[in-house]
>>> print(open('data.pdb').read())   # PDB, C-alpha atoms, pLDDT in the B column
MODEL        1
ATOM      1  CA  MET A  11     134.001  48.779 104.847  1.00 43.00           C
ATOM      2  CA  THR A  12     133.893  50.414 108.263  1.00 59.00           C
ATOM      3  CA  ASP A  13     135.031  53.862 107.073  1.00 61.00           C
ATOM      4  CA  ARG A  14     132.805  56.353 108.929  1.00 59.00           C
ATOM      5  CA  ALA A  15     133.104  58.779 106.015  1.00 58.00           C
ATOM      6  CA  ARG A  16     130.916  56.483 103.922  1.00 84.00           C
ATOM      7  CA  VAL A  17     128.197  56.296 106.570  1.00 93.00           C
ATOM      8  CA  GLU A  18     125.445  58.918 106.558  1.00 95.00           C
ATOM      9  CA  THR A  19     122.805  57.025 108.552  1.00 97.00           C
ATOM     10  CA  VAL A  20     123.191  54.497 111.367  1.00 98.00           C
ATOM     11  CA  LEU A  21     120.255  52.308 112.378  1.00 98.00           C
ATOM     12  CA  PHE A  22     120.410  50.930 115.907  1.00 98.00           C
ATOM     13  CA  ASP A  23     118.748  47.986 117.519  1.00 97.00           C
ATOM     14  CA  ILE A  24     118.126  48.593 121.248  1.00 98.00           C
ATOM     15  CA  ASP A  25     118.019  45.376 123.293  1.00 97.00           C
ATOM     16  CA  GLY A  26     121.514  43.969 123.735  1.00 98.00           C
ATOM     17  CA  THR A  27     122.914  46.779 121.587  1.00 98.00           C
ATOM     18  CA  LEU A  28     122.282  49.928 123.624  1.00 98.00           C
ATOM     19  CA  ILE A  29     121.064  48.293 126.838  1.00 98.00           C
ATOM     20  CA  ASP A  30     121.963  44.984 128.498  1.00 98.00           C
ATOM     21  CA  SER A  31     118.412  43.637 128.504  1.00 98.00           C
ATOM     22  CA  ASN A  32     118.397  40.352 126.604  1.00 97.00           C
ATOM     23  CA  GLY A  33     118.617  38.186 129.713  1.00 97.00           C
ATOM     24  CA  ALA A  34     115.742  40.077 131.325  1.00 97.00           C
ATOM     25  CA  HIS A  35     113.591  39.530 128.239  1.00 97.00           C
ATOM     26  CA  ALA A  36     114.305  35.807 128.307  1.00 97.00           C
ATOM     27  CA  GLN A  37     113.520  35.614 132.016  1.00 98.00           C
ATOM     28  CA  SER A  38     110.274  37.560 131.567  1.00 98.00           C
ATOM     29  CA  TRP A  39     109.031  35.407 128.703  1.00 98.00           C
ATOM     30  CA  THR A  40     109.922  32.199 130.528  1.00 98.00           C
ATOM     31  CA  GLN A  41     108.058  33.253 133.659  1.00 98.00           C
ATOM     32  CA  ALA A  42     105.000  34.514 131.770  1.00 98.00           C
ATOM     33  CA  LEU A  43     104.766  31.328 129.726  1.00 98.00           C
ATOM     34  CA  GLY A  44     105.163  29.181 132.836  1.00 97.00           C
ATOM     35  CA  GLU A  45     102.350  31.033 134.585  1.00 97.00           C
ATOM     36  CA  HIS A  46     100.124  30.180 131.618  1.00 96.00           C
ATOM     37  CA  GLY A  47     100.982  26.503 131.765  1.00 96.00           C
ATOM     38  CA  ILE A  48     103.605  26.515 129.020  1.00 96.00           C
ATOM     39  CA  SER A  49     106.834  24.977 130.283  1.00 95.00           C
ATOM     40  CA  VAL A  50     109.906  26.139 128.387  1.00 95.00           C
ATOM     41  CA  ASP A  51     113.481  26.559 129.553  1.00 93.00           C
ATOM     42  CA  VAL A  52     115.056  29.973 129.543  1.00 95.00           C
ATOM     43  CA  GLU A  53     117.800  28.845 127.147  1.00 94.00           C
ATOM     44  CA  SER A  54     115.210  28.102 124.459  1.00 93.00           C
ATOM     45  CA  ILE A  55     113.783  31.585 124.877  1.00 96.00           C
ATOM     46  CA  ARG A  56     117.194  33.259 125.011  1.00 96.00           C
ATOM     47  CA  ARG A  57     118.075  32.208 121.492  1.00 95.00           C
ATOM     48  CA  LEU A  58     114.896  33.881 120.205  1.00 96.00           C
ATOM     49  CA  VAL A  59     115.378  37.243 121.911  1.00 96.00           C
ATOM     50  CA  GLY A  60     115.658  39.821 119.143  1.00 93.00           C
ATOM     51  CA  MET A  61     112.515  38.651 117.419  1.00 92.00           C
ATOM     52  CA  GLY A  62     109.179  40.238 118.166  1.00 89.00           C
ATOM     53  CA  GLY A  63     106.328  38.448 119.894  1.00 91.00           C
ATOM     54  CA  ASP A  64     104.768  37.804 116.491  1.00 93.00           C
ATOM     55  CA  LYS A  65     107.617  35.375 115.819  1.00 94.00           C
ATOM     56  CA  LEU A  66     108.441  34.141 119.328  1.00 96.00           C
ATOM     57  CA  LEU A  67     104.974  33.131 120.543  1.00 96.00           C
ATOM     58  CA  PRO A  68     104.116  30.848 117.603  1.00 96.00           C
ATOM     59  CA  LEU A  69     107.517  29.177 117.912  1.00 95.00           C
ATOM     60  CA  VAL A  70     107.475  28.464 121.643  1.00 95.00           C
ATOM     61  CA  ALA A  71     103.763  28.386 122.502  1.00 94.00           C
ATOM     62  CA  GLY A  72     101.998  27.630 119.246  1.00 95.00           C
ATOM     63  CA  VAL A  73      99.768  30.693 119.667  1.00 96.00           C
ATOM     64  CA  SER A  74      99.318  33.834 117.621  1.00 96.00           C
ATOM     65  CA  GLU A  75     100.339  37.117 119.177  1.00 94.00           C
ATOM     66  CA  ASP A  76      96.942  38.502 118.162  1.00 95.00           C
ATOM     67  CA  SER A  77      94.952  35.714 119.832  1.00 97.00           C
ATOM     68  CA  GLU A  78      93.362  36.164 123.252  1.00 97.00           C
ATOM     69  CA  ARG A  79      95.970  33.901 124.825  1.00 97.00           C
ATOM     70  CA  GLY A  80      98.771  35.585 122.927  1.00 96.00           C
ATOM     71  CA  ARG A  81      97.693  39.016 124.144  1.00 96.00           C
ATOM     72  CA  ALA A  82      97.479  37.736 127.721  1.00 97.00           C
ATOM     73  CA  LEU A  83     100.971  36.272 127.501  1.00 97.00           C
ATOM     74  CA  ALA A  84     102.422  39.448 126.029  1.00 95.00           C
ATOM     75  CA  LYS A  85     100.736  41.592 128.676  1.00 96.00           C
ATOM     76  CA  ARG A  86     102.093  39.456 131.492  1.00 98.00           C
ATOM     77  CA  LYS A  87     105.562  39.409 129.970  1.00 97.00           C
ATOM     78  CA  LYS A  88     105.560  43.218 129.804  1.00 96.00           C
ATOM     79  CA  ALA A  89     104.539  43.434 133.457  1.00 97.00           C
ATOM     80  CA  ILE A  90     107.352  41.159 134.556  1.00 98.00           C
ATOM     81  CA  PHE A  91     109.909  42.941 132.396  1.00 97.00           C
ATOM     82  CA  ALA A  92     108.849  46.297 133.870  1.00 97.00           C
ATOM     83  CA  THR A  93     109.964  45.082 137.296  1.00 98.00           C
ATOM     84  CA  LEU A  94     113.415  44.195 135.916  1.00 98.00           C
ATOM     85  CA  LEU A  95     113.973  47.309 133.800  1.00 97.00           C
ATOM     86  CA  PRO A  96     115.142  49.632 136.618  1.00 97.00           C
ATOM     87  CA  ASP A  97     118.137  47.357 137.260  1.00 98.00           C
ATOM     88  CA  LEU A  98     119.293  47.187 133.639  1.00 98.00           C
ATOM     89  CA  GLU A  99     122.359  49.100 132.491  1.00 98.00           C
ATOM     90  CA  PRO A 100     123.393  50.676 129.176  1.00 98.00           C
ATOM     91  CA  THR A 101     125.966  48.780 127.165  1.00 98.00           C
ATOM     92  CA  PRO A 102     129.512  50.216 127.374  1.00 98.00           C
ATOM     93  CA  GLY A 103     129.816  53.390 125.327  1.00 98.00           C
ATOM     94  CA  ALA A 104     126.196  53.532 124.187  1.00 98.00           C
ATOM     95  CA  ARG A 105     125.595  57.222 124.850  1.00 98.00           C
ATOM     96  CA  GLN A 106     129.091  58.226 123.797  1.00 98.00           C
ATOM     97  CA  LEU A 107     128.702  56.519 120.424  1.00 98.00           C
ATOM     98  CA  ILE A 108     125.333  58.112 119.715  1.00 98.00           C
ATOM     99  CA  ALA A 109     126.618  61.538 120.788  1.00 98.00           C
ATOM    100  CA  TYR A 110     129.688  61.178 118.560  1.00 97.00           C
ATOM    101  CA  LEU A 111     127.590  60.287 115.512  1.00 97.00           C
ATOM    102  CA  ARG A 112     125.334  63.281 116.065  1.00 96.00           C
ATOM    103  CA  GLU A 113     128.384  65.539 116.401  1.00 96.00           C
ATOM    104  CA  GLN A 114     129.551  64.175 113.053  1.00 94.00           C
ATOM    105  CA  GLN A 115     126.179  65.028 111.471  1.00 95.00           C
ATOM    106  CA  VAL A 116     125.281  61.365 111.021  1.00 96.00           C
ATOM    107  CA  ASP A 117     121.576  60.540 111.157  1.00 97.00           C
ATOM    108  CA  VAL A 118     120.783  58.088 113.959  1.00 98.00           C
ATOM    109  CA  VAL A 119     117.613  56.012 113.763  1.00 98.00           C
ATOM    110  CA  ILE A 120     116.172  53.281 115.970  1.00 98.00           C
ATOM    111  CA  ALA A 121     115.053  50.046 114.298  1.00 97.00           C
ATOM    112  CA  THR A 122     113.686  47.726 116.970  1.00 95.00           C
ATOM    113  CA  SER A 123     111.316  44.784 117.333  1.00 90.00           C
ATOM    114  CA  ALA A 124     109.979  46.397 120.532  1.00 90.00           C
ATOM    115  CA  ASP A 125     106.699  48.307 120.370  1.00 88.00           C
ATOM    116  CA  ASP A 126     106.551  52.083 120.799  1.00 91.00           C
ATOM    117  CA  ARG A 127     105.916  52.060 124.556  1.00 89.00           C
ATOM    118  CA  ASP A 128     108.668  49.567 125.342  1.00 92.00           C
ATOM    119  CA  MET A 129     111.032  51.347 122.962  1.00 95.00           C
ATOM    120  CA  SER A 130     110.657  54.651 124.807  1.00 94.00           C
ATOM    121  CA  GLN A 131     111.223  53.050 128.210  1.00 96.00           C
ATOM    122  CA  LEU A 132     114.280  51.154 126.990  1.00 97.00           C
ATOM    123  CA  LEU A 133     115.847  54.242 125.448  1.00 98.00           C
ATOM    124  CA  GLN A 134     115.313  56.190 128.653  1.00 97.00           C
ATOM    125  CA  ARG A 135     116.982  53.459 130.683  1.00 97.00           C
ATOM    126  CA  ALA A 136     119.821  53.256 128.141  1.00 98.00           C
ATOM    127  CA  GLY A 137     120.434  56.957 128.645  1.00 98.00           C
ATOM    128  CA  VAL A 138     119.998  57.894 124.979  1.00 98.00           C
ATOM    129  CA  ASP A 139     116.325  58.870 124.737  1.00 97.00           C
ATOM    130  CA  ASP A 140     117.153  62.544 124.236  1.00 97.00           C
ATOM    131  CA  LEU A 141     119.614  61.813 121.424  1.00 97.00           C
ATOM    132  CA  ILE A 142     117.493  59.768 119.027  1.00 97.00           C
ATOM    133  CA  PRO A 143     114.297  61.441 117.774  1.00 95.00           C
ATOM    134  CA  GLN A 144     113.968  59.259 114.679  1.00 95.00           C
ATOM    135  CA  ARG A 145     112.576  55.824 115.499  1.00 96.00           C
ATOM    136  CA  ALA A 146     110.952  52.822 113.844  1.00 95.00           C
ATOM    137  CA  SER A 147     109.456  50.089 115.988  1.00 92.00           C
ATOM    138  CA  LYS A 148     107.357  46.975 115.696  1.00 88.00           C
ATOM    139  CA  ASP A 149     104.345  49.311 115.492  1.00 90.00           C
ATOM    140  CA  ASP A 150     105.632  50.645 112.158  1.00 93.00           C
ATOM    141  CA  ALA A 151     105.988  47.246 110.530  1.00 92.00           C
ATOM    142  CA  GLU A 152     103.802  44.288 109.673  1.00 92.00           C
ATOM    143  CA  ARG A 153     106.464  41.779 110.701  1.00 93.00           C
ATOM    144  CA  SER A 154     109.325  41.951 113.196  1.00 92.00           C
ATOM    145  CA  LYS A 155     112.936  40.898 112.660  1.00 94.00           C
ATOM    146  CA  PRO A 156     114.377  38.910 111.004  1.00 94.00           C
ATOM    147  CA  ASP A 157     111.936  40.177 108.345  1.00 96.00           C
ATOM    148  CA  PRO A 158     113.242  43.483 106.961  1.00 97.00           C
ATOM    149  CA  ASP A 159     110.054  45.508 107.520  1.00 97.00           C
ATOM    150  CA  ILE A 160     111.384  47.490 110.500  1.00 96.00           C
ATOM    151  CA  VAL A 161     114.638  48.291 108.701  1.00 97.00           C
ATOM    152  CA  HIS A 162     112.690  49.488 105.661  1.00 97.00           C
ATOM    153  CA  ALA A 163     110.542  51.652 107.955  1.00 96.00           C
ATOM    154  CA  ALA A 164     113.634  53.165 109.598  1.00 97.00           C
ATOM    155  CA  LEU A 165     115.205  53.949 106.229  1.00 97.00           C
ATOM    156  CA  ALA A 166     111.987  55.556 105.011  1.00 96.00           C
ATOM    157  CA  ARG A 167     111.575  57.603 108.185  1.00 94.00           C
ATOM    158  CA  SER A 168     115.062  59.069 107.834  1.00 94.00           C
ATOM    159  CA  HIS A 169     114.940  59.327 104.020  1.00 95.00           C
ATOM    160  CA  ALA A 170     118.178  57.356 104.022  1.00 96.00           C
ATOM    161  CA  SER A 171     119.925  55.624 101.152  1.00 96.00           C
ATOM    162  CA  PRO A 172     120.760  51.953 101.722  1.00 96.00           C
ATOM    163  CA  VAL A 173     124.152  52.582 100.134  1.00 95.00           C
ATOM    164  CA  THR A 174     125.234  55.012 102.852  1.00 96.00           C
ATOM    165  CA  SER A 175     123.443  53.334 105.769  1.00 97.00           C
ATOM    166  CA  VAL A 176     124.534  50.706 108.266  1.00 97.00           C
ATOM    167  CA  MET A 177     122.657  48.705 110.885  1.00 98.00           C
ATOM    168  CA  VAL A 178     124.167  48.078 114.332  1.00 98.00           C
ATOM    169  CA  GLY A 179     122.723  45.107 116.228  1.00 98.00           C
ATOM    170  CA  ASP A 180     123.645  42.136 118.371  1.00 98.00           C
ATOM    171  CA  THR A 181     121.725  39.123 117.030  1.00 97.00           C
ATOM    172  CA  PRO A 182     121.537  37.093 113.824  1.00 97.00           C
ATOM    173  CA  TYR A 183     118.016  38.529 113.431  1.00 97.00           C
ATOM    174  CA  ASP A 184     119.401  42.058 113.132  1.00 97.00           C
ATOM    175  CA  ILE A 185     121.912  40.828 110.586  1.00 98.00           C
ATOM    176  CA  GLU A 186     119.321  39.027 108.489  1.00 97.00           C
ATOM    177  CA  ALA A 187     116.909  41.965 108.581  1.00 97.00           C
ATOM    178  CA  ALA A 188     119.638  44.354 107.455  1.00 98.00           C
ATOM    179  CA  ARG A 189     120.838  42.039 104.699  1.00 97.00           C
ATOM    180  CA  ARG A 190     117.316  41.587 103.385  1.00 97.00           C
ATOM    181  CA  ALA A 191     116.900  45.363 103.363  1.00 97.00           C
ATOM    182  CA  GLY A 192     120.102  45.719 101.372  1.00 97.00           C
ATOM    183  CA  ILE A 193     122.266  47.548 103.908  1.00 97.00           C
ATOM    184  CA  ARG A 194     125.535  46.837 105.674  1.00 97.00           C
ATOM    185  CA  VAL A 195     125.470  45.586 109.245  1.00 98.00           C
ATOM    186  CA  PHE A 196     127.876  45.661 112.189  1.00 98.00           C
ATOM    187  CA  ALA A 197     127.320  43.151 114.995  1.00 98.00           C
ATOM    188  CA  LEU A 198     128.123  43.700 118.670  1.00 98.00           C
ATOM    189  CA  ARG A 199     129.067  40.952 121.123  1.00 98.00           C
ATOM    190  CA  CYS A 200     127.638  42.804 124.137  1.00 97.00           C
ATOM    191  CA  GLY A 201     124.217  41.213 123.709  1.00 96.00           C
ATOM    192  CA  GLY A 202     125.744  37.988 124.977  1.00 94.00           C
ATOM    193  CA  TYR A 203     124.795  34.435 124.008  1.00 93.00           C
ATOM    194  CA  TRP A 204     125.744  34.567 120.319  1.00 95.00           C
ATOM    195  CA  THR A 205     129.153  33.388 119.167  1.00 96.00           C
ATOM    196  CA  ASP A 206     131.188  35.095 116.475  1.00 97.00           C
ATOM    197  CA  ALA A 207     130.314  32.174 114.218  1.00 97.00           C
ATOM    198  CA  ALA A 208     126.622  32.984 114.635  1.00 96.00           C
ATOM    199  CA  LEU A 209     127.352  36.622 113.777  1.00 98.00           C
ATOM    200  CA  GLN A 210     129.687  35.935 110.874  1.00 97.00           C
ATOM    201  CA  ALA A 211     127.238  37.226 108.247  1.00 97.00           C
ATOM    202  CA  ALA A 212     127.818  40.750 109.577  1.00 98.00           C
ATOM    203  CA  ASP A 213     130.326  42.974 107.802  1.00 96.00           C
ATOM    204  CA  HIS A 214     132.277  43.390 111.041  1.00 96.00           C
ATOM    205  CA  VAL A 215     131.942  42.357 114.685  1.00 98.00           C
ATOM    206  CA  PHE A 216     132.851  44.619 117.624  1.00 98.00           C
ATOM    207  CA  ASP A 217     132.701  44.049 121.365  1.00 98.00           C
ATOM    208  CA  ASP A 218     130.293  46.888 122.161  1.00 98.00           C
ATOM    209  CA  PRO A 219     129.414  50.494 121.242  1.00 98.00           C
ATOM    210  CA  ALA A 220     132.625  51.699 122.905  1.00 98.00           C
ATOM    211  CA  ALA A 221     134.703  49.498 120.598  1.00 98.00           C
ATOM    212  CA  LEU A 222     132.854  50.706 117.513  1.00 98.00           C
ATOM    213  CA  LEU A 223     133.307  54.314 118.636  1.00 97.00           C
ATOM    214  CA  ALA A 224     137.037  53.758 119.143  1.00 97.00           C
ATOM    215  CA  HIS A 225     137.293  52.238 115.668  1.00 95.00           C
ATOM    216  CA  TRP A 226     135.541  55.157 113.990  1.00 94.00           C
ATOM    217  CA  ARG A 227     137.591  57.709 115.915  1.00 92.00           C
ATOM    218  CA  ASP A 228     140.816  55.951 114.958  1.00 90.00           C
ATOM    219  CA  ALA A 229     139.738  55.846 111.321  1.00 84.00           C
ATOM    220  CA  ALA A 230     139.047  59.579 111.392  1.00 78.00           C
ATOM    221  CA  ASP A 231     142.544  60.448 112.669  1.00 70.00           C
TER     222      ASP A 231
ENDMDL
END
>>> encode(input="data.pdb", output="structure tokens")
Amino acid sequence: MTDRARVETVLFDIDGTLIDSNGAHAQSWTQALGEHGISVDVESIRRLVGMGGDKLLPLVAGVSEDSERGRALAKRKKAIFATLLPDLEPTPGARQLIAYLREQQVDVVIATSADDRDMSQLLQRAGVDDLIPQRASKDDAERSKPDPDIVHAALARSHASPVTSVMVGDTPYDIEAARRAGIRVFALRCGGYWTDAALQAADHVFDDPAALLAHWRDAAD
């Protein structure tokens, strides 16, 4: 059901959903790993973007995010990504969708695998930082997506009911996290990489925030 009237709270992923940043994340991880003697192709990293470092580093480097090497890798990745961030653009319709939901008195909450600092920078670059005061990040959860911890944290922060909430994301990890938290989920293609088949567990798939906004406006007419 995509009827906006049944939605009181919308949880948003950021990377690939509100800002076209997935490729930059993959590039940053690949370069940081290479500098630390870990050779991995960018395609292998790209399919893991959407997870937090707690999941990605053990999978591709065999190291814990909390280890000395894991912290060094994460620090270097952040530094590289910071150089790419100024060139990243919001996804089509990102601000317009958030503004519309707020006008309709819908609660909007961030649910991201990024940490607090990265989350703030990404939202500023996406042009929506001023519109979304309620946020749950990796820092609010023990485990990142596809575990449901961040979604649970976002629901708790907004005092939202799973029945009237929906998650909007762009990866299978967003979909799995939402499903495990017991809420509906809409997938967006604008994150790139993932096929509709990979996103088929979502309730519906839209091209980007602009397409979802158009759908909800049409449904309201």
>>> atom_distance(input="data.pdb", atom1="atom CA of A:Trp39", atom2="atom CA of A:Gly62")
11.6 Å
>>> closest_residue(input="data.pdb", among="A:Asp117, A:Cys200, A:Arg86, A:Ser31", to="A:Arg56", atoms="all atoms listed in the file")
A:Ser31
>>> residues_around(input="data.pdb", residues="stretch 87-97 of chain A", least_positions_apart="5", cutoff="8 Å", atoms="only C-alpha atoms", output="MDAnalysis selection string")
chainID A and resid 31 34:35 38:39 41:42 132 135
>>> closest_residue(input="data.pdb", among="A:Arg189, A:Arg199, A:Lys148, A:Arg153", to="A:Ile120", atoms="only C-alpha atoms")
A:Lys148
>>> atom_distance(input="data.pdb", atom1="atom CA of A:Ser154", atom2="atom CA of A:Lys65")
7.3 Å
>>> residues_around(input="data.pdb", residues="A:Thr122", least_positions_apart="6", cutoff="9 Å", atoms="all atoms listed in the file", output="VMD selection string")
chain A and resid 22 to 25 60 62 129 145 to 148 154 to 155 160 to 161 184
>>> resolve_selection(input="data.pdb", expression="the PyMOL selection byres ((chain A and resi 53) around 12)", output="list in words")
Asn32, Gly33, His35, Ala36, Gln37, Trp39, Thr40, Val50, Asp51, Val52, Ser54, Ile55, Arg56, Arg57, Leu58, Val59, Val70, Tyr203 and Trp204 of chain A
>>> write_last_selection(input="data.pdb", atoms="C-alpha atoms", output="mmCIF file, in the frame of the given file")
data_model
loop_
_atom_site.group_PDB
_atom_site.id
_atom_site.type_symbol
_atom_site.label_atom_id
_atom_site.label_comp_id
_atom_site.auth_asym_id
_atom_site.auth_seq_id
_atom_site.Cartn_x
_atom_site.Cartn_y
_atom_site.Cartn_z
ATOM 1 C CA ASN A 32 118.397 40.352 126.604
ATOM 2 C CA GLY A 33 118.617 38.186 129.713
ATOM 3 C CA HIS A 35 113.591 39.530 128.239
ATOM 4 C CA ALA A 36 114.305 35.807 128.307
ATOM 5 C CA GLN A 37 113.520 35.614 132.016
ATOM 6 C CA TRP A 39 109.031 35.407 128.703
ATOM 7 C CA THR A 40 109.922 32.199 130.528
ATOM 8 C CA VAL A 50 109.906 26.139 128.387
ATOM 9 C CA ASP A 51 113.481 26.559 129.553
ATOM 10 C CA VAL A 52 115.056 29.973 129.543
ATOM 11 C CA SER A 54 115.210 28.102 124.459
ATOM 12 C CA ILE A 55 113.783 31.585 124.877
ATOM 13 C CA ARG A 56 117.194 33.259 125.011
ATOM 14 C CA ARG A 57 118.075 32.208 121.492
ATOM 15 C CA LEU A 58 114.896 33.881 120.205
ATOM 16 C CA VAL A 59 115.378 37.243 121.911
ATOM 17 C CA VAL A 70 107.475 28.464 121.643
ATOM 18 C CA TYR A 203 124.795 34.435 124.008
ATOM 19 C CA TRP A 204 125.744 34.567 120.319
#
>>> resolve_selection(input="data.pdb", expression="the PyMOL selection byres ((chain A and resi 166) around 12)", output="list in words")
Thr19, Leu21, Val119, Ile120, Ala121, Gln144, Arg145, Ala146, Asp150, Ala151, Asp159, Ile160, Val161, His162, Ala163, Ala164, Leu165, Arg167, Ser168, His169, Ala170, Ser171, Pro172, Ser175 and Ala191 of chain A
>>> write_last_selection(input="data.pdb", atoms="C-alpha atoms", output="mmCIF file, in the coordinates of the input")
data_model
loop_
_atom_site.group_PDB
_atom_site.id
_atom_site.type_symbol
_atom_site.label_atom_id
_atom_site.label_comp_id
_atom_site.auth_asym_id
_atom_site.auth_seq_id
_atom_site.Cartn_x
_atom_site.Cartn_y
_atom_site.Cartn_z
ATOM 1 C CA THR A 19 122.805 57.025 108.552
ATOM 2 C CA LEU A 21 120.255 52.308 112.378
ATOM 3 C CA VAL A 119 117.613 56.012 113.763
ATOM 4 C CA ILE A 120 116.172 53.281 115.970
ATOM 5 C CA ALA A 121 115.053 50.046 114.298
ATOM 6 C CA GLN A 144 113.968 59.259 114.679
ATOM 7 C CA ARG A 145 112.576 55.824 115.499
ATOM 8 C CA ALA A 146 110.952 52.822 113.844
ATOM 9 C CA ASP A 150 105.632 50.645 112.158
ATOM 10 C CA ALA A 151 105.988 47.246 110.530
ATOM 11 C CA ASP A 159 110.054 45.508 107.520
ATOM 12 C CA ILE A 160 111.384 47.490 110.500
ATOM 13 C CA VAL A 161 114.638 48.291 108.701
ATOM 14 C CA HIS A 162 112.690 49.488 105.661
ATOM 15 C CA ALA A 163 110.542 51.652 107.955
ATOM 16 C CA ALA A 164 113.634 53.165 109.598
ATOM 17 C CA LEU A 165 115.205 53.949 106.229
ATOM 18 C CA ARG A 167 111.575 57.603 108.185
ATOM 19 C CA SER A 168 115.062 59.069 107.834
ATOM 20 C CA HIS A 169 114.940 59.327 104.020
ATOM 21 C CA ALA A 170 118.178 57.356 104.022
ATOM 22 C CA SER A 171 119.925 55.624 101.152
ATOM 23 C CA PRO A 172 120.760 51.953 101.722
ATOM 24 C CA SER A 175 123.443 53.334 105.769
ATOM 25 C CA ALA A 191 116.900 45.363 103.363
#
